[in-house]
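Next up, entry00.tsv (TSV, C-alpha atoms and all ligand atoms):
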chain	number	residue	atom	x	y	z
A	1302	MET	CA	40.01	-10.05	-12.72
A	1303	LEU	CA	38.78	-8.42	-9.51
A	1304	ILE	CA	41.42	-8.63	-6.80
A	1305	PHE	CA	40.72	-8.45	-3.05
A	1306	ASP	CA	43.65	-7.27	-0.92
A	1307	ALA	CA	42.91	-8.11	2.72
A	1308	HIS	CA	45.47	-5.80	4.30
A	1309	LEU	CA	46.52	-2.28	3.40
A	1310	ASP	CA	47.49	0.50	5.83
A	1311	LEU	CA	46.13	3.20	3.53
A	1312	ALA	CA	45.27	5.88	6.12
A	1313	MET	CA	48.61	5.37	7.90
A	1314	ASN	CA	50.39	6.13	4.64
A	1315	ALA	CA	48.22	9.15	3.98
A	1316	LEU	CA	48.70	10.70	7.42
A	1317	GLU	CA	52.04	9.46	8.79
A	1318	TRP	CA	53.94	9.17	5.49
A	1319	ASN	CA	52.14	12.22	4.08
A	1320	ARG	CA	51.24	10.43	0.86
A	1321	ASP	CA	48.36	11.71	-1.26
A	1322	LEU	CA	47.07	8.32	-2.37
A	1323	THR	CA	44.78	9.85	-4.99
A	1324	GLN	CA	47.99	10.46	-6.99
A	1325	SER	CA	49.89	7.70	-8.79
A	1326	VAL	CA	52.78	5.85	-7.14
A	1327	GLU	CA	55.07	7.50	-9.67
A	1328	LYS	CA	53.98	11.00	-8.63
A	1329	ILE	CA	54.17	10.17	-4.91
A	1330	ARG	CA	57.74	8.89	-5.35
A	1331	ALA	CA	58.74	12.02	-7.23
A	1332	ARG	CA	57.34	14.21	-4.45
A	1333	GLU	CA	59.46	12.31	-1.89
A	1334	LYS	CA	62.79	13.14	-3.54
A	1335	GLY	CA	65.25	14.26	-0.89
A	1336	LEU	CA	63.18	13.04	2.07
A	1337	THR	CA	65.04	10.75	4.48
A	1338	ASP	CA	62.65	10.62	7.46
A	1339	LYS	CA	61.41	7.11	6.60
A	1340	VAL	CA	63.41	4.12	5.31
A	1341	ASP	CA	61.03	3.56	2.42
A	1342	ARG	CA	60.95	7.06	0.91
A	1343	GLN	CA	60.61	7.00	-2.90
A	1344	ASN	CA	59.98	3.26	-2.64
A	1345	GLY	CA	56.23	3.26	-2.01
A	1346	THR	CA	54.17	0.83	-4.09
A	1347	VAL	CA	50.55	1.65	-3.21
A	1348	ALA	CA	48.20	4.37	-4.48
A	1349	LEU	CA	44.55	4.33	-5.49
A	1350	PRO	CA	45.15	4.83	-9.25
A	1351	ASP	CA	47.63	1.94	-9.28
A	1352	MET	CA	45.16	-0.25	-7.38
A	1353	ARG	CA	42.56	0.44	-10.09
A	1354	ARG	CA	45.11	-0.25	-12.82
A	1355	GLY	CA	45.82	-3.68	-11.27
A	1356	GLY	CA	42.15	-4.50	-10.64
A	1357	ILE	CA	42.38	-4.30	-6.86
A	1358	GLY	CA	38.79	-3.19	-6.43
A	1359	ILE	CA	38.31	-4.23	-2.80
A	1360	CYS	CA	40.59	-4.10	0.18
A	1361	VAL	CA	40.58	-4.33	3.92
A	1362	ALA	CA	41.90	-0.94	5.03
A	1363	THR	CA	43.24	-0.36	8.50
A	1364	GLN	CA	43.17	2.02	11.36
A	1365	ILE	CA	46.37	1.51	13.35
A	1366	ALA	CA	47.80	3.21	16.44
A	1367	ARG	CA	49.85	1.55	19.16
A	1368	PHE	CA	49.83	2.51	22.84
A	1369	VAL	CA	53.19	1.91	24.53
A	1370	LYS	CA	53.67	1.76	28.28
A	1371	GLU	CA	56.84	3.15	29.82
A	1372	LYS	CA	59.95	1.12	28.93
A	1373	ASN	CA	58.32	-0.39	25.83
A	1374	PRO	CA	60.93	0.43	23.17
A	1375	LEU	CA	58.49	0.16	20.23
A	1376	PRO	CA	57.25	3.38	18.65
A	1377	GLY	CA	53.77	4.34	19.78
A	1378	TRP	CA	51.51	6.75	21.64
A	1379	HIS	CA	51.93	7.30	25.37
A	1380	SER	CA	48.24	6.96	26.23
A	1381	PRO	CA	45.28	5.01	24.84
A	1382	GLU	CA	43.44	8.30	24.34
A	1383	GLN	CA	46.16	9.57	21.97
A	1384	ALA	CA	46.05	6.27	20.09
A	1385	TRP	CA	42.25	6.56	19.83
A	1386	ALA	CA	42.55	10.09	18.47
A	1387	GLN	CA	45.05	8.88	15.86
A	1388	THR	CA	42.62	6.20	14.63
A	1389	GLN	CA	39.86	8.82	14.49
A	1390	GLY	CA	42.05	10.97	12.28
A	1391	GLN	CA	42.59	7.97	10.03
A	1392	LEU	CA	38.84	7.39	9.88
A	1393	SER	CA	38.42	11.02	8.90
A	1394	TRP	CA	40.77	10.47	5.92
A	1395	TYR	CA	38.73	7.45	4.77
A	1396	ARG	CA	35.58	9.59	4.99
A	1397	ALA	CA	37.26	12.29	2.91
A	1398	MET	CA	38.13	9.64	0.28
A	1399	GLU	CA	34.48	8.55	0.25
A	1400	GLU	CA	33.32	12.13	-0.24
A	1401	ALA	CA	35.80	12.53	-3.09
A	1402	GLY	CA	34.40	9.40	-4.78
A	1403	GLN	CA	37.79	7.64	-4.42
A	1404	MET	CA	36.71	4.93	-1.98
A	1405	ARG	CA	33.49	3.30	-0.81
A	1406	ALA	CA	32.84	1.79	2.62
A	1407	LEU	CA	31.51	-1.78	2.51
A	1408	THR	CA	29.78	-2.56	5.79
A	1409	ASP	CA	27.08	-5.10	5.01
A	1410	ARG	CA	26.02	-7.74	2.50
A	1411	PRO	CA	24.05	-5.46	0.16
A	1412	SER	CA	26.84	-2.88	-0.11
A	1413	LEU	CA	29.40	-5.65	-0.74
A	1414	GLN	CA	27.31	-7.41	-3.38
A	1415	ARG	CA	26.46	-4.16	-5.16
A	1416	HIS	CA	30.12	-3.22	-5.25
A	1417	VAL	CA	31.24	-6.60	-6.63
A	1418	GLN	CA	28.52	-6.62	-9.29
A	1419	ASN	CA	29.23	-3.06	-10.43
A	1420	TRP	CA	33.02	-3.15	-10.23
A	1421	SER	CA	34.86	-2.24	-13.39
A	1422	PRO	CA	38.46	-1.08	-13.44
A	1423	SER	CA	37.57	2.22	-15.07
A	1424	SER	CA	39.93	4.98	-14.11
A	1425	ASP	CA	37.53	6.65	-11.68
A	1426	ALA	CA	35.80	3.71	-9.99
A	1427	PRO	CA	35.73	4.01	-6.19
A	1428	ILE	CA	37.67	1.27	-4.41
A	1429	GLY	CA	35.59	-0.65	-1.89
A	1430	TYR	CA	37.03	-1.03	1.58
A	1431	ILE	CA	36.22	-2.91	4.75
A	1432	LEU	CA	37.41	-1.01	7.81
A	1433	SER	CA	39.67	-2.95	10.18
A	1434	LEU	CA	41.69	-2.10	13.25
A	1435	GLU	CA	45.24	-3.49	13.57
A	1436	GLY	CA	45.98	-3.77	17.29
A	1437	ALA	CA	43.25	-2.91	19.80
A	1438	ASP	CA	45.31	-0.64	22.08
A	1439	SER	CA	43.38	2.42	20.93
A	1440	MET	CA	40.17	1.03	22.45
A	1441	VAL	CA	40.15	3.17	25.59
A	1442	THR	CA	37.10	1.24	26.84
A	1443	LEU	CA	34.85	-1.40	25.32
A	1444	LYS	CA	32.29	1.37	24.72
A	1445	HIS	CA	34.75	2.69	22.15
A	1446	LEU	CA	34.43	-0.60	20.28
A	1447	GLU	CA	30.69	-0.14	19.92
A	1448	ARG	CA	31.30	3.41	18.69
A	1449	SER	CA	33.83	2.07	16.19
A	1450	TYR	CA	31.34	-0.51	14.97
A	1451	GLN	CA	28.86	2.30	14.34
A	1452	GLN	CA	31.61	4.08	12.39
A	1453	GLY	CA	31.93	1.00	10.16
A	1454	LEU	CA	34.60	-1.12	11.84
A	1455	ARG	CA	34.07	-4.74	10.79
A	1456	ALA	CA	37.32	-6.56	11.65
A	1457	LEU	CA	39.85	-6.31	14.45
A	1458	GLY	CA	43.26	-7.78	15.25
A	1459	PRO	CA	43.65	-7.58	19.04
A	1460	ALA	CA	47.44	-7.18	18.90
A	1461	HIS	CA	50.20	-5.88	16.62
A	1462	TYR	CA	53.93	-6.06	17.43
A	1463	GLY	CA	54.90	-6.51	21.07
A	1464	PRO	CA	52.82	-6.52	24.24
A	1465	GLY	CA	49.32	-5.07	24.00
A	1466	THR	CA	46.46	-4.07	26.27
A	1467	TYR	CA	44.12	-6.85	25.13
A	1468	ALA	CA	46.48	-9.46	23.68
A	1469	GLN	CA	50.17	-10.15	23.08
A	1470	GLY	CA	51.49	-9.73	19.58
A	1471	THR	CA	54.41	-10.65	17.33
A	1472	ASP	CA	57.67	-11.26	19.28
A	1473	ALA	CA	55.80	-11.03	22.60
A	1474	SER	CA	54.41	-13.88	24.71
A	1475	GLY	CA	51.47	-14.56	26.98
A	1476	GLY	CA	47.72	-14.92	26.85
A	1477	MET	CA	44.92	-12.42	26.42
A	1478	GLY	CA	43.78	-12.24	30.04
A	1479	PRO	CA	40.44	-10.94	31.38
A	1480	ARG	CA	40.43	-7.69	29.35
A	1481	GLY	CA	41.21	-9.56	26.17
A	1482	ARG	CA	38.40	-12.02	26.80
A	1483	GLU	CA	35.96	-9.18	27.43
A	1484	LEU	CA	37.05	-7.66	24.12
A	1485	LEU	CA	36.40	-10.97	22.34
A	1486	GLN	CA	32.94	-11.18	23.92
A	1487	GLU	CA	32.06	-7.67	22.79
A	1488	MET	CA	33.39	-8.39	19.28
A	1489	GLU	CA	31.19	-11.47	19.17
A	1490	ARG	CA	28.14	-9.46	20.24
A	1491	LEU	CA	28.82	-6.85	17.55
A	1492	ASN	CA	29.73	-9.49	14.92
A	1493	ILE	CA	33.21	-8.03	14.36
A	1494	ILE	CA	35.59	-10.41	12.54
A	1495	LEU	CA	38.54	-11.60	14.62
A	1496	ASP	CA	41.80	-11.11	12.71
A	1497	VAL	CA	44.27	-13.52	14.34
A	1498	THR	CA	47.24	-12.10	12.42
A	1499	HIS	CA	50.01	-10.91	14.79
A	1500	LEU	CA	48.70	-12.82	17.83
A	1501	CYS	CA	51.51	-14.64	19.61
A	1502	ASP	CA	50.95	-18.38	20.02
A	1503	GLU	CA	49.44	-18.26	23.55
A	1504	SER	CA	47.08	-15.41	22.67
A	1505	PHE	CA	46.18	-17.13	19.39
A	1506	TRP	CA	45.06	-20.34	21.09
A	1507	GLU	CA	43.22	-18.45	23.82
A	1508	ALA	CA	41.39	-16.38	21.20
A	1509	ILE	CA	40.45	-19.45	19.16
A	1510	GLU	CA	39.06	-21.11	22.28
A	1511	HIS	CA	37.06	-18.13	23.53
A	1512	PHE	CA	35.72	-16.57	20.33
A	1513	ASP	CA	32.82	-18.11	18.43
A	1514	GLY	CA	32.39	-15.48	15.69
A	1515	PRO	CA	34.02	-15.27	12.25
A	1516	VAL	CA	37.83	-15.61	12.16
A	1517	TRP	CA	40.33	-14.69	9.44
A	1518	ALA	CA	44.04	-14.05	9.12
A	1519	SER	CA	44.32	-11.01	6.89
A	1520	HIS	CA	48.09	-11.08	6.27
A	1521	SER	CA	49.94	-14.17	7.48
A	1522	ASN	CA	52.43	-16.55	5.90
A	1523	CYS	CA	53.57	-20.08	6.78
A	1524	ARG	CA	56.06	-20.90	9.52
A	1525	ALA	CA	56.93	-24.12	7.66
A	1526	LEU	CA	58.53	-21.97	4.94
A	1527	THR	CA	59.66	-18.93	6.97
A	1528	PRO	CA	60.37	-20.05	10.52
A	1529	HIS	CA	59.39	-17.16	12.81
A	1530	ASN	CA	56.64	-16.58	15.39
A	1531	ARG	CA	55.08	-13.96	13.05
A	1532	GLN	CA	54.04	-16.77	10.69
A	1533	PHE	CA	51.56	-19.55	11.49
A	1534	SER	CA	52.46	-23.16	12.23
A	1535	ASP	CA	50.70	-25.96	10.34
A	1536	GLU	CA	48.73	-26.72	13.52
A	1537	GLN	CA	47.46	-23.13	13.63
A	1538	ILE	CA	46.64	-23.11	9.90
A	1539	LYS	CA	44.69	-26.36	10.29
A	1540	VAL	CA	42.51	-24.97	13.07
A	1541	LEU	CA	41.92	-21.81	11.03
A	1542	ILE	CA	40.79	-23.96	8.10
A	1543	GLU	CA	38.42	-25.84	10.44
A	1544	ARG	CA	37.00	-22.50	11.54
A	1545	GLY	CA	36.31	-21.49	7.94
A	1546	ALA	CA	39.00	-18.80	7.92
A	1547	VAL	CA	40.62	-17.26	4.87
A	1548	ILE	CA	44.36	-16.59	5.18
A	1549	GLY	CA	45.85	-13.72	3.17
A	1550	GLY	CA	49.41	-14.24	1.87
A	1551	ALA	CA	51.67	-11.24	2.61
A	1552	LEU	CA	54.35	-9.70	0.38
A	1553	ASP	CA	56.59	-8.29	3.11
A	1554	ALA	CA	59.92	-9.82	2.01
A	1555	TRP	CA	61.12	-10.89	5.45
A	1556	MET	CA	57.93	-12.93	5.87
A	1557	MET	CA	58.35	-14.66	2.51
A	1558	ILE	CA	61.85	-16.15	2.86
A	1559	PRO	CA	63.97	-17.12	5.89
A	1560	ASP	CA	66.87	-15.11	7.33
A	1561	TRP	CA	65.96	-11.72	5.89
A	1562	ILE	CA	67.68	-8.92	7.84
A	1563	ARG	CA	65.71	-5.66	7.65
A	1564	GLY	CA	67.77	-2.84	6.19
A	1565	LYS	CA	70.53	-5.22	5.03
A	1566	THR	CA	69.09	-7.96	2.86
A	1567	THR	CA	67.73	-6.76	-0.49
A	1568	PRO	CA	65.38	-8.25	-3.07
A	1569	GLN	CA	68.35	-8.34	-5.46
A	1570	SER	CA	70.74	-10.12	-3.05
A	1571	THR	CA	68.18	-12.89	-2.47
A	1572	GLY	CA	66.56	-13.06	-5.89
A	1573	LEU	CA	63.15	-12.84	-4.18
A	1574	LYS	CA	60.34	-12.75	-6.74
A	1575	LEU	CA	56.56	-12.36	-6.53
A	1576	GLU	CA	56.16	-16.05	-7.37
A	1577	ARG	CA	57.45	-17.00	-3.92
A	1578	ILE	CA	54.09	-16.05	-2.36
A	1579	ILE	CA	52.55	-18.93	-4.26
A	1580	ASP	CA	54.66	-21.35	-2.18
A	1581	HIS	CA	53.00	-19.98	0.99
A	1582	ILE	CA	49.52	-19.94	-0.50
A	1583	ASP	CA	50.01	-23.42	-1.97
A	1584	HIS	CA	51.12	-24.68	1.46
A	1585	VAL	CA	47.77	-23.53	2.92
A	1586	CYS	CA	45.90	-25.09	-0.01
A	1587	GLN	CA	47.72	-28.41	0.52
A	1588	LEU	CA	46.81	-28.42	4.23
A	1589	ALA	CA	43.18	-27.61	3.35
A	1590	GLY	CA	43.00	-30.05	0.44
A	1591	ASN	CA	41.39	-27.27	-1.60
A	1592	ALA	CA	41.81	-23.61	-2.60
A	1593	ASN	CA	38.97	-22.28	-0.44
A	1594	HIS	CA	40.96	-20.81	2.46
A	1595	SER	CA	43.61	-18.71	0.75
A	1596	GLY	CA	43.65	-15.12	-0.37
A	1597	ILE	CA	45.92	-12.12	-0.78
A	1598	GLY	CA	46.72	-9.76	2.11
A	1599	SER	CA	49.68	-7.98	0.56
A	1600	ASP	CA	50.51	-5.55	3.40
A	1601	LEU	CA	52.33	-3.48	0.75
A	1602	ASP	CA	53.56	-0.14	2.13
A	1603	GLY	CA	53.03	-1.45	5.66
A	1604	ALA	CA	56.08	0.58	6.76
A	1605	PHE	CA	58.22	-0.89	3.97
A	1606	GLY	CA	58.46	-0.34	0.22
A	1607	ARG	CA	60.29	-1.75	-2.80
A	1608	GLU	CA	63.42	-2.27	-0.69
A	1609	GLN	CA	61.61	-5.03	1.23
A	1610	SER	CA	59.28	-6.46	-1.44
A	1611	PRO	CA	59.71	-9.01	-4.24
A	1612	GLY	CA	62.27	-7.67	-6.71
A	1613	ASP	CA	59.93	-7.96	-9.70
A	1614	LEU	CA	57.17	-5.92	-8.01
A	1615	ASP	CA	57.12	-2.23	-8.89
A	1616	THR	CA	53.65	-1.25	-7.68
A	1617	ILE	CA	50.59	-2.94	-6.24
A	1618	ALA	CA	49.30	-3.20	-9.83
A	1619	ASP	CA	51.71	-6.13	-10.21
A	1620	LEU	CA	49.27	-8.26	-8.18
A	1621	ALA	CA	47.53	-8.61	-11.54
A	1622	ARG	CA	50.40	-10.93	-12.57
A	1623	LEU	CA	49.49	-13.47	-9.87
A	1624	PRO	CA	46.69	-15.27	-11.80
A	1625	GLU	CA	49.17	-16.19	-14.54
A	1626	LEU	CA	51.72	-17.39	-11.97
A	1627	PHE	CA	49.04	-19.57	-10.31
A	1628	ALA	CA	48.08	-21.00	-13.72
A	1629	GLN	CA	51.72	-21.94	-14.35
A	1630	ARG	CA	51.63	-23.87	-11.07
A	1631	GLY	CA	48.61	-25.87	-12.21
A	1632	TYR	CA	45.81	-23.94	-10.52
A	1633	LYS	CA	42.48	-24.01	-12.37
A	1634	PRO	CA	40.68	-20.77	-13.34
A	1635	ALA	CA	37.97	-21.21	-10.65
A	1636	GLU	CA	40.61	-21.80	-7.96
A	1637	ILE	CA	42.58	-18.74	-9.06
A	1638	GLU	CA	39.44	-16.60	-8.95
A	1639	SER	CA	38.72	-17.89	-5.43
A	1640	ILE	CA	42.20	-17.00	-4.20
A	1641	MET	CA	42.30	-13.59	-5.90
A	1642	SER	CA	38.96	-12.46	-4.43
A	1643	GLY	CA	36.20	-15.08	-4.20
A	1644	ASN	CA	37.20	-16.61	-0.88
A	1645	PHE	CA	37.27	-13.33	1.03
A	1646	ILE	CA	34.04	-12.14	-0.64
A	1647	ARG	CA	32.22	-15.37	0.26
A	1648	PHE	CA	33.65	-15.20	3.79
A	1649	LEU	CA	32.14	-11.71	4.21
A	1650	GLU	CA	28.81	-12.70	2.65
A	1651	LYS	CA	28.55	-15.49	5.22
A	1652	ALA	CA	29.75	-13.38	8.15
A	1653	TRP	CA	27.22	-10.67	7.23
A	1654	SER	CA	24.28	-12.93	6.40
B	1701	ZN	ZN	50.57	-6.23	10.13
Since I need it in another form, could you write the structure as C-alpha cells?
Amino acid sequence: MLIFDAHLDLAMNALEWNRDLTQSVEKIRAREKGLTDKVDRQNGTVALPDMRRGGIGICVATQIARFVKEKNPLPGWHSPEQAWAQTQGQLSWYRAMEEAGQMRALTDRPSLQRHVQNWSPSSDAPIGYILSLEGADSMVTLKHLERSYQQGLRALGPAHYGPGTYAQGTDASGGMGPRGRELLQEMERLNIILDVTHLCDESFWEAIEHFDGPVWASHSNCRALTPHNRQFSDEQIKVLIERGAVIGGALDAWMMIPDWIRGKTTPQSTGLKLERIIDHIDHVCQLAGNANHSGIGSDLDGAFGREQSPGDLDTIADLARLPELFAQRGYKPAEIESIMSGNFIRFLEKAWS
C-alpha cells in the first residue's frame, strides 16, 4: 500500500545531523558510533531506502530554520538572512536528491497524479515530495515567499516552537499581528497551503479567520488524549474538519501519551507502542463521523529517534504495519487506504485543481 507521510525533516537530517539519507538506517546508525553531539545519535529511523521498503512513496518534506531574537533561549539563527540561507542550503540538498534520481518534486496536479499512478516500491523508485516550510521566520520579506513558491514551496506553517516573526508557536502565546496577516494574504494569492501545526491557540484562530485558502495540519495529535498546547482541542479539530483539512497523526512519543519527560521517559518504561497513534487518529475520525480527515504525519527523526518513538518501531518502514492495526480496530479497507494516503492525495488534487 502506498503511504503518504505528511511531515519529515529530511534536509535538516541530511545537513544538520550529517546523515546521508541515500544509505539505509542501519548504515547511518553504524556511521554514528561514538558520536554524542545529538541526543538521538545511532537512534535515527528515517532513510530513503527504508521509506521505499515500507511503501512510503510520498512525503511532505520540510525546510526549517528558526530566527531567534536576543534573549530567546531556543536554538536558532541570529538574523532572518542566516535562516533564509539555511533553508536555501536545504533546498539545494533536495535538488541534489532529484538529480540523483532519489526524490521527485511534486508541485502540481499532473506531477502528483503521474507519481501516484507510476509508484511501485521497487528499490530505486524516486520518492515524491511536496516542499513545505516549518516556521516562516526565514522569510526575510514577502518577496522571498514568492521566490520560494517559484522554487516549489507549496505549504507553510507560520510558526514552530516559541515566538515567531509572523505567528506565535508551540508554548508561546499571542496572535499573528499585521505581518502575519500580510503573510497569510500572500500565501492565499500564491495558493500555498496553510499548515496550522504548531500555531498557538490565539494565532490558530486568527489564521483560521483570515485565511481562505487550503488548510491542513501536517503533524498534530489530540489534546483530549495528550493534554498540551502542542496538540489540538476538539473545537480546533472540528473547525479544521469543516475547512476540509487533513490532520496527520504524529509519532513523537511525548505527543502520543501524557506526562512524557524528554530525556527521562522511555518507550520501554511506558510501554508505548505504534498502535497508540490509532487512538489519536480514531478520535479525529469520531469527531468527523468519517475517515476522510485523517492521515499520517509521522515527524520521525524530527530531532528525536528511537529513544522517543513507539517501542515497537525500529525504522520508518514500520509504518507499513499500520494498515493491519487499523483493520484490527474495525476500519474497512477503503478507510485504511484513505488514512494511509488517499486523504492527503485528494486534498492536494483539490488544492491544485
Ligand atoms: Zn514540527
One number please: atom CA of A:Asp1438 to atom CA of A:Glu1483, in Å, one decimal.
13.7 Å
I need the residue nearest A:Pro1479 from this list: A:Glu1507, A:Ala1652, A:Leu1311, A:Asp1502. Use only C-alpha atoms for the distance.
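Ranked by minimum distance to A:Pro1479, first place goes to A:Glu1507.
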As a quick test: using only C-alpha atoms and all ligand atoms, which residues lie no more than 10 Å away from ligand ZN 1701 (chain B)? Give them as JSON, numbers by chain.
{"A": [1308, 1309, 1310, 1363, 1365, 1435, 1436, 1458, 1460, 1461, 1462, 1471, 1498, 1499, 1519, 1520, 1521, 1531, 1551, 1553, 1598, 1599, 1600, 1601, 1603, 1604]}
Just the residues within 10 Å of A:Arg1607, please, counting all atoms listed in the file, with nothing from its chain fewer than 4 positions along; format it as JSON, numbers by chain.
{"A": [1341, 1342, 1343, 1344, 1345, 1346, 1553, 1554, 1567, 1568, 1601, 1602, 1611, 1612, 1613, 1614, 1615, 1616]}
I want to know what sits within 7 Å of A:Met1440, based on all atoms listed in the file, with residues of the same chain fewer than 4 positions away left out; could you give that as number ranges by chain?
A: 1381, 1385, 1445-1446
I'd like the interatomic distance between atom CA of A:Ala1456 and atom CA of A:Ser1534, to a tenth of an Å.
22.5 Å
Which residue gives the smallest distance to A:Val1417 among A:Ile1357, A:Met1488, A:Val1540, A:Ile1558, with all atoms listed in the file counted?
A:Ile1357
Residue nearest A:Trp1420 - candidates A:Lys1370, A:Leu1303, A:Met1404, A:Gly1478, atoms counted: all atoms listed in the file
A:Leu1303
Rebuild stretch 1591-1603 of chain A so that it carries N, CA and C atoms, then output the result as an mmCIF file, in the coordinates of the input.
data_model
loop_
_atom_site.group_PDB
_atom_site.id
_atom_site.type_symbol
_atom_site.label_atom_id
_atom_site.label_comp_id
_atom_site.auth_asym_id
_atom_site.auth_seq_id
_atom_site.Cartn_x
_atom_site.Cartn_y
_atom_site.Cartn_z
ATOM 1 N N ASN A 1591 42.139 -28.035 -0.600
ATOM 2 C CA ASN A 1591 41.390 -27.270 -1.600
ATOM 3 C C ASN A 1591 41.921 -25.818 -1.609
ATOM 4 N N ALA A 1592 41.343 -24.999 -2.488
ATOM 5 C CA ALA A 1592 41.810 -23.610 -2.600
ATOM 6 C C ALA A 1592 40.812 -22.627 -1.993
ATOM 7 N N ASN A 1593 40.064 -23.099 -0.980
ATOM 8 C CA ASN A 1593 38.970 -22.280 -0.440
ATOM 9 C C ASN A 1593 39.351 -21.421 0.767
ATOM 10 N N HIS A 1594 40.591 -21.522 1.221
ATOM 11 C CA HIS A 1594 40.960 -20.810 2.460
ATOM 12 C C HIS A 1594 42.130 -19.854 2.271
ATOM 13 N N SER A 1595 42.480 -19.592 1.026
ATOM 14 C CA SER A 1595 43.610 -18.710 0.750
ATOM 15 C C SER A 1595 43.173 -17.451 0.042
ATOM 16 N N GLY A 1596 43.894 -16.379 0.311
ATOM 17 C CA GLY A 1596 43.650 -15.120 -0.370
ATOM 18 C C GLY A 1596 44.938 -14.309 -0.393
ATOM 19 N N ILE A 1597 44.789 -13.036 -0.743
ATOM 20 C CA ILE A 1597 45.920 -12.120 -0.780
ATOM 21 C C ILE A 1597 45.717 -11.064 0.307
ATOM 22 N N GLY A 1598 46.737 -10.865 1.135
ATOM 23 C CA GLY A 1598 46.720 -9.760 2.110
ATOM 24 C C GLY A 1598 48.101 -9.122 2.021
ATOM 25 N N SER A 1599 48.307 -8.329 0.974
ATOM 26 C CA SER A 1599 49.680 -7.980 0.560
ATOM 27 C C SER A 1599 50.477 -7.244 1.631
ATOM 28 N N ASP A 1600 49.807 -6.367 2.411
ATOM 29 C CA ASP A 1600 50.510 -5.550 3.400
ATOM 30 C C ASP A 1600 51.493 -4.585 2.747
ATOM 31 N N LEU A 1601 51.389 -4.386 1.430
ATOM 32 C CA LEU A 1601 52.330 -3.480 0.750
ATOM 33 C C LEU A 1601 52.256 -2.086 1.363
ATOM 34 N N ASP A 1602 53.412 -1.450 1.483
ATOM 35 C CA ASP A 1602 53.560 -0.140 2.130
ATOM 36 C C ASP A 1602 53.135 -0.168 3.602
ATOM 37 N N GLY A 1603 53.259 -1.333 4.217
ATOM 38 C CA GLY A 1603 53.030 -1.450 5.660
ATOM 39 C C GLY A 1603 54.323 -1.112 6.392
#
